[in-house]
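Trainee: Sharing start.csv (CSV, C-alpha atoms) below.
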chain,number,residue,atom,x,y,z
Y,232,MET,CA,-36.9,47.1,29.8
Y,233,SER,CA,-36.4,45.9,33.4
Y,234,ARG,CA,-34.0,47.6,35.8
Y,235,GLN,CA,-31.7,44.5,35.4
Y,236,SER,CA,-31.6,45.0,31.6
Y,237,ASP,CA,-30.9,48.7,32.0
Y,238,LEU,CA,-27.9,48.0,34.2
Y,239,VAL,CA,-26.6,45.4,31.9
Y,240,ARG,CA,-27.0,47.7,29.0
Y,241,SER,CA,-25.3,50.5,30.8
Y,242,PHE,CA,-22.2,48.4,31.3
Y,243,LEU,CA,-22.2,47.5,27.6
Y,244,GLU,CA,-22.6,51.1,26.6
Y,245,GLN,CA,-19.7,52.1,28.8
Y,246,GLN,CA,-17.6,49.4,27.0
Y,247,GLU,CA,-18.8,50.7,23.6
Y,248,ALA,CA,-17.9,54.3,24.5
Y,249,ARG,CA,-14.4,53.4,25.4
Y,250,ASP,CA,-13.9,50.8,22.7
Y,251,HIS,CA,-11.0,52.6,20.9
Y,252,ARG,CA,-9.3,53.4,24.2
Y,253,GLU,CA,-9.9,50.0,25.8
Y,254,GLY,CA,-6.3,48.7,25.8
Y,255,ALA,CA,-4.9,51.8,27.6
Y,256,ILE,CA,-7.8,51.9,30.1
Y,257,LEU,CA,-7.6,48.3,31.1
Y,258,ALA,CA,-3.8,48.5,31.3
Y,259,ARG,CA,-4.2,51.4,33.8
Y,260,GLU,CA,-6.9,49.6,35.8
Y,261,PHE,CA,-4.8,46.4,36.1
Y,262,SER,CA,-1.7,48.4,37.0
Y,263,ASP,CA,-3.8,50.0,39.8
Y,264,ILE,CA,-4.9,46.5,41.0
Y,265,LYS,CA,-1.4,45.2,41.2
Y,266,ALA,CA,-0.2,48.3,43.0
Y,267,ARG,CA,-2.9,48.0,45.6
Y,268,SER,CA,-2.2,44.3,46.0
Y,269,VAL,CA,1.5,45.1,46.8
Y,270,ALA,CA,0.5,47.8,49.2
Y,271,TRP,CA,-1.8,45.4,51.2
Y,272,LYS,CA,1.1,43.1,51.7
Y,273,THR,CA,3.7,45.7,52.6
Y,274,GLU,CA,1.3,47.5,55.0
Y,275,GLY,CA,0.3,44.2,56.6
Y,276,VAL,CA,-3.4,44.5,55.6
Y,277,CYS,CA,-3.2,41.0,54.1
Y,278,SER,CA,-0.9,38.8,56.2
Y,279,THR,CA,0.4,35.4,55.3
Y,280,LYS,CA,1.8,34.2,58.6
Y,281,ALA,CA,0.3,30.7,58.6
Y,282,GLY,CA,1.5,29.8,55.2
Y,283,SER,CA,5.0,31.2,55.9
Y,284,GLN,CA,5.6,29.0,58.9
Y,285,GLN,CA,8.4,26.4,58.4
Y,286,GLY,CA,6.1,23.4,58.7
Y,287,ASN,CA,3.6,24.8,56.2
Y,288,SER,CA,5.8,26.5,53.6
Y,289,LYS,CA,6.8,23.2,52.1
Y,290,LYS,CA,3.1,22.7,51.2
Y,291,ASN,CA,3.1,25.8,49.0
Y,292,ARG,CA,3.7,25.0,45.3
Y,293,TYR,CA,5.1,28.5,44.7
Y,294,LYS,CA,6.9,30.6,47.2
Y,295,ASP,CA,5.2,33.8,46.1
Y,296,VAL,CA,1.6,32.5,46.3
Y,297,VAL,CA,0.8,32.1,50.0
Y,298,PRO,CA,-2.8,32.2,51.3
Y,299,TYR,CA,-4.0,35.2,53.2
Y,300,ASP,CA,-4.6,34.4,56.9
Y,301,GLU,CA,-8.0,36.2,57.1
Y,302,THR,CA,-9.7,34.0,54.5
Y,303,ARG,CA,-7.5,30.9,54.5
Y,304,VAL,CA,-9.2,27.5,54.6
Y,305,ILE,CA,-8.6,25.8,58.0
Y,306,LEU,CA,-8.8,22.1,58.0
Y,307,SER,CA,-10.1,20.3,61.1
Y,308,LEU,CA,-10.9,16.8,59.7
Y,309,LEU,CA,-8.3,14.2,60.8
Y,310,GLN,CA,-6.4,16.6,63.0
Y,311,GLU,CA,-6.7,14.0,65.7
Y,312,GLU,CA,-4.7,11.7,63.5
Y,313,GLY,CA,-1.8,14.2,63.6
Y,314,HIS,CA,-2.6,16.1,60.4
Y,315,GLY,CA,-2.3,19.9,60.6
Y,316,ASP,CA,-4.9,22.5,59.7
Y,317,TYR,CA,-3.0,24.1,56.7
Y,318,ILE,CA,-3.6,24.0,53.0
Y,319,ASN,CA,-2.8,26.6,50.4
Y,320,ALA,CA,-6.4,27.7,49.8
Y,321,ASN,CA,-8.7,30.6,50.4
Y,322,PHE,CA,-12.4,31.2,50.6
Y,323,ILE,CA,-13.8,33.7,48.2
Y,324,ARG,CA,-17.2,35.2,49.0
Y,325,GLY,CA,-20.1,34.9,46.6
Y,326,THR,CA,-22.8,37.3,45.6
Y,327,ASP,CA,-24.7,36.6,48.8
Y,328,GLY,CA,-21.7,37.0,51.0
Y,329,SER,CA,-21.3,33.2,51.6
Y,330,GLN,CA,-18.1,31.2,51.2
Y,331,ALA,CA,-19.0,30.4,47.6
Y,332,TYR,CA,-15.6,29.4,46.3
Y,333,ILE,CA,-12.5,27.7,47.5
Y,334,ALA,CA,-9.5,28.9,45.4
Y,335,THR,CA,-6.6,26.6,45.8
Y,336,GLN,CA,-3.4,25.4,44.2
Y,337,GLY,CA,-3.1,22.2,42.3
Y,338,PRO,CA,-2.1,19.5,44.8
Y,339,LEU,CA,1.5,18.4,45.3
Y,340,PRO,CA,2.4,14.7,45.9
Y,341,HIS,CA,2.5,15.3,49.6
Y,342,THR,CA,-0.7,17.4,49.8
Y,343,LEU,CA,-3.1,15.0,48.1
Y,344,LEU,CA,-4.6,13.9,51.4
Y,345,ASP,CA,-5.0,17.6,52.5
Y,346,PHE,CA,-6.8,18.3,49.2
Y,347,TRP,CA,-9.3,15.4,49.8
Y,348,ARG,CA,-9.7,16.5,53.4
Y,349,LEU,CA,-10.8,19.9,52.1
Y,350,VAL,CA,-13.2,18.5,49.6
Y,351,TRP,CA,-14.8,16.2,52.2
Y,352,GLU,CA,-14.9,18.6,55.1
Y,353,PHE,CA,-16.5,21.4,53.2
Y,354,GLY,CA,-18.9,19.3,51.2
Y,355,VAL,CA,-17.5,20.1,47.8
Y,356,LYS,CA,-19.7,18.7,45.0
Y,357,VAL,CA,-17.9,20.2,42.0
Y,358,ILE,CA,-14.2,20.8,41.3
Y,359,LEU,CA,-13.2,23.2,38.4
Y,360,MET,CA,-9.7,22.5,37.2
Y,361,ALA,CA,-8.1,25.0,34.8
Y,362,CYS,CA,-4.7,23.4,34.1
Y,363,GLN,CA,-3.1,20.2,32.9
Y,364,GLU,CA,-0.9,17.9,35.0
Y,365,THR,CA,2.1,18.9,32.9
Y,366,GLU,CA,2.5,22.2,30.9
Y,367,ASN,CA,5.6,23.2,28.9
Y,368,GLY,CA,7.5,20.2,30.4
Y,369,ARG,CA,6.9,21.3,34.0
Y,370,ARG,CA,4.7,19.5,36.6
Y,371,LYS,CA,1.8,21.8,37.4
Y,372,CYS,CA,-0.6,19.6,39.3
Y,373,GLU,CA,-0.5,16.1,40.8
Y,374,ARG,CA,-3.2,13.8,39.6
Y,375,TYR,CA,-5.7,13.6,42.5
Y,376,TRP,CA,-8.5,11.7,40.6
Y,377,ALA,CA,-8.9,8.1,39.7
Y,378,GLN,CA,-8.5,6.6,36.2
Y,379,GLU,CA,-10.6,3.8,34.7
Y,380,ARG,CA,-10.0,0.6,36.7
Y,381,GLU,CA,-7.3,2.4,38.7
Y,382,PRO,CA,-8.6,3.7,42.1
Y,383,LEU,CA,-6.6,6.3,43.9
Y,384,GLN,CA,-6.0,6.0,47.6
Y,385,ALA,CA,-5.2,9.1,49.7
Y,386,GLY,CA,-5.1,8.2,53.4
Y,387,PRO,CA,-8.6,7.1,54.4
Y,388,PHE,CA,-10.0,8.3,51.1
Y,389,CYS,CA,-10.6,5.9,48.2
Y,390,ILE,CA,-11.4,7.6,44.9
Y,391,THR,CA,-12.8,5.7,41.9
Y,392,LEU,CA,-13.8,6.9,38.5
Y,393,THR,CA,-17.5,6.4,37.7
Y,394,LYS,CA,-17.7,8.1,34.3
Y,395,GLU,CA,-15.5,10.3,32.0
Y,396,THR,CA,-17.1,12.4,29.3
Y,397,ALA,CA,-15.7,15.0,26.8
Y,398,LEU,CA,-18.2,17.9,27.0
Y,399,THR,CA,-16.3,19.8,24.3
Y,400,ALA,CA,-12.9,19.5,22.7
Y,401,ASP,CA,-11.5,21.5,25.6
Y,402,ILE,CA,-13.5,20.3,28.6
Y,403,THR,CA,-13.6,16.9,30.3
Y,404,LEU,CA,-16.2,16.0,32.9
Y,405,ARG,CA,-15.3,13.2,35.4
Y,406,THR,CA,-17.7,11.8,37.9
Y,407,LEU,CA,-15.8,10.4,40.9
Y,408,GLN,CA,-17.0,8.3,43.8
Y,409,VAL,CA,-15.2,9.3,47.0
Y,410,THR,CA,-15.3,6.9,50.0
Y,411,PHE,CA,-14.1,8.0,53.4
Y,412,GLN,CA,-13.3,5.3,55.9
Y,413,LYS,CA,-13.8,6.9,59.3
Y,414,VAL,CA,-11.1,6.4,61.8
Y,415,PRO,CA,-11.0,4.6,64.2
Y,416,LYS,CA,-14.6,3.1,64.0
Y,417,GLY,CA,-14.0,1.8,60.5
Y,418,GLN,CA,-17.3,3.1,59.2
Y,419,LYS,CA,-17.5,4.0,55.5
Y,420,GLU,CA,-19.3,6.9,53.8
Y,421,SER,CA,-19.4,7.6,50.0
Y,422,ARG,CA,-20.2,10.7,48.0
Y,423,PRO,CA,-20.1,11.6,44.3
Y,424,VAL,CA,-17.8,14.5,43.3
Y,425,HIS,CA,-17.8,16.0,39.8
Y,426,GLN,CA,-14.6,17.4,38.2
Y,427,LEU,CA,-14.6,19.7,35.2
Y,428,GLN,CA,-11.1,20.1,33.6
Y,429,TYR,CA,-10.3,22.7,31.0
Y,430,MET,CA,-7.6,21.1,28.9
Y,431,SER,CA,-6.2,23.9,26.8
Y,432,TRP,CA,-5.9,27.0,28.9
Y,433,PRO,CA,-2.3,28.2,28.8
Y,434,ASP,CA,-0.5,29.2,32.0
Y,435,HIS,CA,-0.5,32.9,32.4
Y,436,GLY,CA,-2.5,33.2,29.2
Y,437,VAL,CA,-6.1,33.0,28.1
Y,438,PRO,CA,-8.3,30.7,26.1
Y,439,SER,CA,-9.0,31.4,22.4
Y,440,SER,CA,-12.6,32.1,23.1
Y,441,SER,CA,-15.1,32.7,26.0
Y,442,ASP,CA,-17.6,30.1,24.8
Y,443,HIS,CA,-16.0,27.2,26.6
Y,444,ILE,CA,-15.4,29.1,29.8
Y,445,LEU,CA,-19.1,30.0,29.9
Y,446,THR,CA,-20.0,26.4,29.2
Y,447,MET,CA,-17.8,25.3,32.0
Y,448,VAL,CA,-19.3,27.5,34.7
Y,449,GLU,CA,-22.8,26.8,33.4
Y,450,GLU,CA,-22.2,23.1,33.7
Y,451,ALA,CA,-20.6,23.5,37.1
Y,452,ARG,CA,-23.8,25.2,38.4
Y,453,CYS,CA,-26.0,22.5,36.9
Y,454,LEU,CA,-24.0,19.9,38.7
Y,455,GLN,CA,-23.9,21.9,41.9
Y,456,GLY,CA,-27.6,22.3,42.1
Y,457,LEU,CA,-29.2,24.4,44.8
Y,458,GLY,CA,-27.6,22.6,47.7
Y,459,PRO,CA,-24.9,24.1,50.0
Y,460,GLY,CA,-21.2,23.7,49.5
Y,461,PRO,CA,-18.6,25.9,47.7
Y,462,LEU,CA,-17.2,25.3,44.3
Y,463,CYS,CA,-13.6,24.2,44.5
Y,464,VAL,CA,-11.6,26.0,41.8
Y,465,HIS,CA,-7.9,25.5,41.0
Y,466,CYS,CA,-5.2,25.8,38.4
Y,467,SER,CA,-1.6,25.3,39.2
Y,468,ALA,CA,-1.0,28.2,41.6
Y,469,GLY,CA,-4.7,28.8,42.3
Y,470,CYS,CA,-4.7,32.5,41.4
Y,471,GLY,CA,-4.7,33.6,37.7
Y,472,ARG,CA,-6.9,31.1,35.8
Y,473,THR,CA,-8.7,30.3,39.0
Y,474,GLY,CA,-9.5,34.0,39.6
Y,475,VAL,CA,-11.0,34.4,36.1
Y,476,LEU,CA,-13.3,31.4,36.6
Y,477,CYS,CA,-14.5,32.7,40.0
Y,478,ALA,CA,-15.1,36.1,38.6
Y,479,VAL,CA,-17.1,34.9,35.6
Y,480,ASP,CA,-19.3,32.7,37.8
Y,481,TYR,CA,-19.7,35.5,40.3
Y,482,VAL,CA,-21.0,37.9,37.6
Y,483,ARG,CA,-23.2,35.1,36.2
Y,484,GLN,CA,-24.7,34.7,39.6
Y,485,LEU,CA,-25.4,38.4,39.8
Y,486,LEU,CA,-27.3,38.1,36.5
Y,487,LEU,CA,-29.3,35.0,37.5
Y,488,THR,CA,-30.3,36.6,40.8
Y,489,GLN,CA,-30.9,40.0,39.2
Y,490,THR,CA,-28.7,41.7,41.7
Y,491,ILE,CA,-26.4,43.7,39.4
Y,492,PRO,CA,-25.6,46.8,41.4
Y,493,PRO,CA,-26.1,50.3,39.8
Y,494,ASN,CA,-22.4,51.0,40.2
Y,495,PHE,CA,-21.3,47.6,38.9
Y,496,SER,CA,-17.6,47.5,38.2
Y,497,LEU,CA,-15.4,44.5,37.2
Y,498,PHE,CA,-12.4,46.5,38.5
Y,499,GLU,CA,-14.0,46.4,42.0
Y,500,VAL,CA,-15.0,42.7,41.6
Y,501,VAL,CA,-11.4,41.7,40.8
Y,502,LEU,CA,-10.0,44.0,43.5
Y,503,GLU,CA,-12.3,42.4,46.1
Y,504,MET,CA,-11.3,38.9,45.1
Y,505,ARG,CA,-7.6,39.9,45.4
Y,506,LYS,CA,-8.2,40.8,49.0
Y,507,GLN,CA,-9.3,37.2,49.5
Y,508,ARG,CA,-6.9,35.2,47.3
Y,509,PRO,CA,-3.4,36.5,46.3
Y,510,ALA,CA,-3.1,37.4,42.6
Y,511,ALA,CA,-6.6,36.4,41.6
Y,512,VAL,CA,-6.7,37.2,37.9
Y,513,GLN,CA,-3.0,37.3,37.6
Y,514,THR,CA,-2.2,39.1,34.3
Y,515,GLU,CA,-3.4,42.0,32.3
Y,516,GLU,CA,-4.2,39.6,29.4
Y,517,GLN,CA,-6.5,37.6,31.8
Y,518,TYR,CA,-8.1,40.8,33.0
Y,519,ARG,CA,-8.8,41.9,29.4
Y,520,PHE,CA,-10.2,38.4,28.7
Y,521,LEU,CA,-12.5,38.6,31.7
Y,522,TYR,CA,-13.9,41.9,30.5
Y,523,HIS,CA,-14.6,40.4,27.1
Y,524,THR,CA,-16.2,37.3,28.6
Y,525,VAL,CA,-18.5,39.4,30.9
Y,526,ALA,CA,-19.5,41.6,27.9
Y,527,GLN,CA,-20.4,38.4,26.0
Y,528,LEU,CA,-22.4,37.1,29.1
Y,529,PHE,CA,-24.2,40.5,29.3
Y,530,SER,CA,-25.0,40.4,25.6
Y,531,ARG,CA,-26.5,37.0,26.0
Y,532,THR,CA,-28.7,38.3,28.9
Y,533,LEU,CA,-29.9,41.2,26.8
Y,534,GLN,CA,-30.6,38.9,23.9
Y,535,ASN,CA,-32.6,36.5,26.0
Y,536,ASN,CA,-34.6,39.3,27.7
Y,537,SER,CA,-35.3,41.3,24.5
Y,538,PRO,CA,-38.9,41.1,23.0
Y,539,LEU,CA,-37.1,40.6,19.7
Y,540,TYR,CA,-35.5,37.4,20.9
Y,541,GLN,CA,-38.7,36.2,22.6
Y,542,ASN,CA,-40.6,36.7,19.3
Y,543,LEU,CA,-37.9,34.6,17.5
Y,544,LYS,CA,-37.9,31.9,20.1
Y,545,GLU,CA,-41.7,31.6,20.5
Y,546,ASN,CA,-42.8,32.1,16.9
Y,547,ARG,CA,-39.6,31.1,15.1
Y,548,ALA,CA,-40.1,34.2,12.9
Y,549,PRO,CA,-37.2,35.8,11.1
Y,550,ILE,CA,-36.4,39.2,12.5
Y,551,CYS,CA,-34.4,40.5,9.6
Y,552,LYS,CA,-34.1,39.8,5.9
Y,553,ASP,CA,-31.2,37.5,6.5
Y,554,SER,CA,-32.0,35.7,9.7
Y,555,SER,CA,-29.0,33.5,9.3
Y,556,SER,CA,-26.8,36.5,10.3
Y,557,LEU,CA,-28.3,36.4,13.8
Y,558,ARG,CA,-27.0,33.8,16.3
Y,559,THR,CA,-28.7,32.4,19.3
Y,560,SER,CA,-27.4,32.8,22.8
Y,561,SER,CA,-25.6,29.5,22.6
Y,562,ALA,CA,-23.5,30.7,19.6
Y,563,LEU,CA,-22.6,34.3,20.1
Y,564,PRO,CA,-19.5,35.6,18.5
Y,565,ALA,CA,-16.3,34.4,20.2
Y,566,THR,CA,-14.1,37.1,21.8
Y,567,SER,CA,-11.6,36.6,19.1
Y,568,ARG,CA,-13.9,38.8,17.0
Y,569,PRO,CA,-13.8,42.5,17.5
Y,570,LEU,CA,-15.8,43.2,20.7
Y,571,GLY,CA,-17.1,46.6,19.5
Y,572,GLY,CA,-19.0,45.0,16.6
Y,573,VAL,CA,-20.8,42.7,18.9
Y,574,LEU,CA,-21.8,45.5,21.3
Y,575,ARG,CA,-22.9,47.8,18.5
Y,576,TYR,CA,-25.1,45.0,17.2
Y,577,TRP,CA,-26.9,44.4,20.4
Y,578,LEU,CA,-27.2,48.0,21.5
Y,579,ARG,CA,-28.6,49.1,18.2
Y,580,LEU,CA,-30.9,46.1,18.1
Y,581,LEU,CA,-32.2,46.7,21.6
Y,582,THR,CA,-32.5,50.5,21.2
Y,583,VAL,CA,-34.7,50.0,18.1
Y,584,HIS,CA,-36.9,47.3,19.7
Y,585,SER,CA,-37.3,48.7,23.2
Y,586,ALA,CA,-38.9,51.9,21.9
Y,587,PRO,CA,-42.7,52.4,22.0
Y,588,GLY,CA,-44.7,51.7,18.9
Y,589,THR,CA,-44.1,49.4,16.0
Y,590,PRO,CA,-40.5,48.0,15.8
Y,591,THR,CA,-38.4,49.4,13.0
Y,592,PRO,CA,-37.0,46.9,10.5
Y,593,VAL,CA,-33.4,46.0,11.4
Y,594,SER,CA,-32.2,44.2,8.3
Y,595,TRP,CA,-29.4,46.8,8.2
Y,596,VAL,CA,-27.8,45.5,11.3
Y,597,SER,CA,-24.7,43.3,11.0
Y,598,LEU,CA,-22.4,41.6,13.4
Y,599,GLY,CA,-19.6,44.0,12.5
Would you mind writing the file's structure down as structure tokens?

Mentor:
Amino acid sequence: MSRQSDLVRSFLEQQEARDHREGAILAREFSDIKARSVAWKTEGVCSTKAGSQQGNSKKNRYKDVVPYDETRVILSLLQEEGHGDYINANFIRGTDGSQAYIATQGPLPHTLLDFWRLVWEFGVKVILMACQETENGRRKCERYWAQEREPLQAGPFCITLTKETALTADITLRTLQVTFQKVPKGQKESRPVHQLQYMSWPDHGVPSSSDHILTMVEEARCLQGLGPGPLCVHCSAGCGRTGVLCAVDYVRQLLLTQTIPPNFSLFEVVLEMRKQRPAAVQTEEQYRFLYHTVAQLFSRTLQNNSPLYQNLKENRAPICKDSSSLRTSSALPATSRPLGGVLRYWLRLLTVHSAPGTPTPVSWVSLG
């Protein structure tokens, strides 16, 4: 097996080894993350001076979610028109150290223009939205996109809806055409911007399964292509659900570029993101869901890289007596199933088939 597969497998083995103690371990890890986050603020390591200024504080949806100064997004577009440089948003570094994500709050009625200034200035091609406009009777995000035959005007930006598609029961894809009328010359420039909205992710909670989250980040990367520009990710506050999406995509990029470090730790990934955006991955439940989602992502990687899977894919040959009990990478068990069973399945399968010599029959393996 390759070094990449060995590292992925090592992570899964660690998860398997602590399977019965997982709840207590993750609770301790998340408690440590919260404690460190509080210490950064009280010790002045992560300052929030800009967002706390009187003129800017009214642009914060929540008083306790204010962007850190060191990584905050600073707007320069339209400053000559009297608009300030502040928006409640932070850059989060990607696997290559670049500004790969913009984590931001859902726009308020009076920050719609600032949101589109951000999208335009930083060349955002894809927006990931992890909330609804209204949740539990409370307004969580102002609608910043156009509807069919109903363009949206935000200052010099005109947004029209080109296409709207339901990718799944939970995910809607919208293609928007954004036109910016440059001031004062009156010149116009247009760009397409894609928006993916997850419709059923509860505030402070988690989705029922990882499958649609993985679908969402995979689709986002397909739409993004290889060109420059960060992904813009938001929920209502731009921290909990936003942080989960950023972390999942971050780990997926590590896998795609085969740069999983030998000491890979989701704890460190989340901790590093929290230094850049307040409360990224906000609750213990979200932290636990992130672990399960990454385990599923790693399992898919091992499956795709295994000689066993390649044999099945290339020759369409059954690899056990009941081949229907095996699922392809597009239909791995959801995280609502016991995680240990999934990991035991892949670890046993790969242990058997990575050994030298003739593979041992694996008809005894079940999904647990």

Trainee: Which of these residues is nearest to Arg240 of chain Y, using only C-alpha atoms: Y:Leu476, Y:Leu502, Y:Ile491, Y:Leu497?

Mentor: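 Ranking Y:Leu476, Y:Leu502, Y:Ile491, Y:Leu497 by distance to Arg240 of chain Y, first place goes to Y:Ile491.
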
Trainee: Counting all atoms listed in the file, select every polymer residue within 9 Å of (-15.5, 7.2, 50.5) as defined in the file's coordinates, and provide the selection as an NGL selection string.

Mentor: :Y and (387-390 or 408-413 or 419-423)

Trainee: Hey, can you spit out that residue selection with C-alpha atoms as a PDB file, in the coordinates of the input?

Mentor:
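Okay, this is what ended up in again26.pdb:
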ATOM      1  CA  PRO Y 387      -8.600   7.100  54.400  1.00  0.00           C
ATOM      2  CA  PHE Y 388     -10.000   8.300  51.100  1.00  0.00           C
ATOM      3  CA  CYS Y 389     -10.600   5.900  48.200  1.00  0.00           C
ATOM      4  CA  ILE Y 390     -11.400   7.600  44.900  1.00  0.00           C
ATOM      5  CA  GLN Y 408     -17.000   8.300  43.800  1.00  0.00           C
ATOM      6  CA  VAL Y 409     -15.200   9.300  47.000  1.00  0.00           C
ATOM      7  CA  THR Y 410     -15.300   6.900  50.000  1.00  0.00           C
ATOM      8  CA  PHE Y 411     -14.100   8.000  53.400  1.00  0.00           C
ATOM      9  CA  GLN Y 412     -13.300   5.300  55.900  1.00  0.00           C
ATOM     10  CA  LYS Y 413     -13.800   6.900  59.300  1.00  0.00           C
ATOM     11  CA  LYS Y 419     -17.500   4.000  55.500  1.00  0.00           C
ATOM     12  CA  GLU Y 420     -19.300   6.900  53.800  1.00  0.00           C
ATOM     13  CA  SER Y 421     -19.400   7.600  50.000  1.00  0.00           C
ATOM     14  CA  ARG Y 422     -20.200  10.700  48.000  1.00  0.00           C
ATOM     15  CA  PRO Y 423     -20.100  11.600  44.300  1.00  0.00           C
TER      16      PRO Y 423
END

Trainee: Could you jot down the atom CA of Ile323 of chain Y to atom CA of Asn367 of chain Y separation for me, Å, one decimal place?

Mentor: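 Rounded to one decimal, the two atoms are 29.3 Å apart.
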
Trainee: By how many Å are atom CA of Val355 of chain Y and atom CA of Leu485 of chain Y apart?

Mentor: 21.5 Å

Trainee: Between Y:Asn494, Y:Pro298, Y:Val525, Y:Gln426, which has the minimum distance to Leu454 of chain Y (counting all atoms listed in the file)?

Mentor: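 Nearest candidate to Leu454 of chain Y out of Y:Asn494, Y:Pro298, Y:Val525, Y:Gln426: Y:Gln426.
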
Trainee: Name the closest residue to Gly275 of chain Y among the candidates Y:His523, Y:Arg452, Y:Arg303, Y:Lys506; distances are taken between atoms, counting all atoms listed in the file.

Mentor: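 Smallest separation from Gly275 of chain Y among the options: Y:Lys506.
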
Trainee: Report, in Å to a single decimal, how far apart atom CA of His435 of chain Y and atom CA of Arg348 of chain Y are.

Mentor: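 Between atom CA of Arg348 of chain Y and atom CA of His435 of chain Y the gap is 28.2 Å.
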
Trainee: Each side padded by 8 Å, which centre and which edge lengths in Å (one decimal) define the axis-aligned box around the listed atoms of segment 234-240 of chain Y? Give them as lines of an AutoDock Vina configuration file.

Mentor:
center_x = -30.3
center_y = 46.6
center_z = 32.4
size_x = 23.4
size_y = 20.2
size_z = 22.8

Trainee: With all atoms listed in the file as the atoms that count, which of Y:Lys265, Y:Arg234, Y:Arg380, Y:Arg324 lies nearest to Thr514 of chain Y?

Mentor: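 Under the stated criterion, the closest residue is Y:Lys265.
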
Trainee: Show me, as a tab-separated table (two decimals) with C-alpha atoms, keeping the file's coordinate frame, the residues that have an atom within 10 Å of Leu528 of chain Y when counting all atoms listed in the file, minus same-chain residues fewer than 2 positions from it.

Mentor:
chain	number	residue	atom	x	y	z
Y	239	VAL	CA	-26.60	45.40	31.90
Y	441	SER	CA	-15.10	32.70	26.00
Y	442	ASP	CA	-17.60	30.10	24.80
Y	445	LEU	CA	-19.10	30.00	29.90
Y	479	VAL	CA	-17.10	34.90	35.60
Y	482	VAL	CA	-21.00	37.90	37.60
Y	483	ARG	CA	-23.20	35.10	36.20
Y	486	LEU	CA	-27.30	38.10	36.50
Y	522	TYR	CA	-13.90	41.90	30.50
Y	523	HIS	CA	-14.60	40.40	27.10
Y	524	THR	CA	-16.20	37.30	28.60
Y	525	VAL	CA	-18.50	39.40	30.90
Y	526	ALA	CA	-19.50	41.60	27.90
Y	530	SER	CA	-25.00	40.40	25.60
Y	531	ARG	CA	-26.50	37.00	26.00
Y	532	THR	CA	-28.70	38.30	28.90
Y	533	LEU	CA	-29.90	41.20	26.80
Y	534	GLN	CA	-30.60	38.90	23.90
Y	560	SER	CA	-27.40	32.80	22.80
Y	563	LEU	CA	-22.60	34.30	20.10

Trainee: Rank nothing, just name the residue among Y:Cys362, Y:Ala400, Y:Val297, Y:Ile264 nearest to Lys280 of chain Y, using all atoms listed in the file.

Mentor: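 So, comparing all the options, the nearest one is Y:Val297.
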
Trainee: Taking all atoms listed in the file into account, name the residue in Y:Gln489, Y:Ser283, Y:Asn321, Y:Gln363 that is nearest to Met504 of chain Y.

Mentor: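 The answer is Y:Asn321, which sits nearest to Met504 of chain Y.
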
Trainee: Using all atoms listed in the file, which residues sit within 12 Å of Lys272 of chain Y once same-chain residues fewer than 2 positions away are excluded, as a PyMOL selection string?

Mentor: chain Y and resi 265-270+274-280+295-300+505-506+509-510

Trainee: Once you count only C-alpha atoms, which residues end up no further than 9 Å from (-3.0, 20.6, 45.1) in the file's frame, shown as a ChimeraX atom specification?

Mentor: /Y:290-292,318-319,335-343,345-346,372-375,465-469
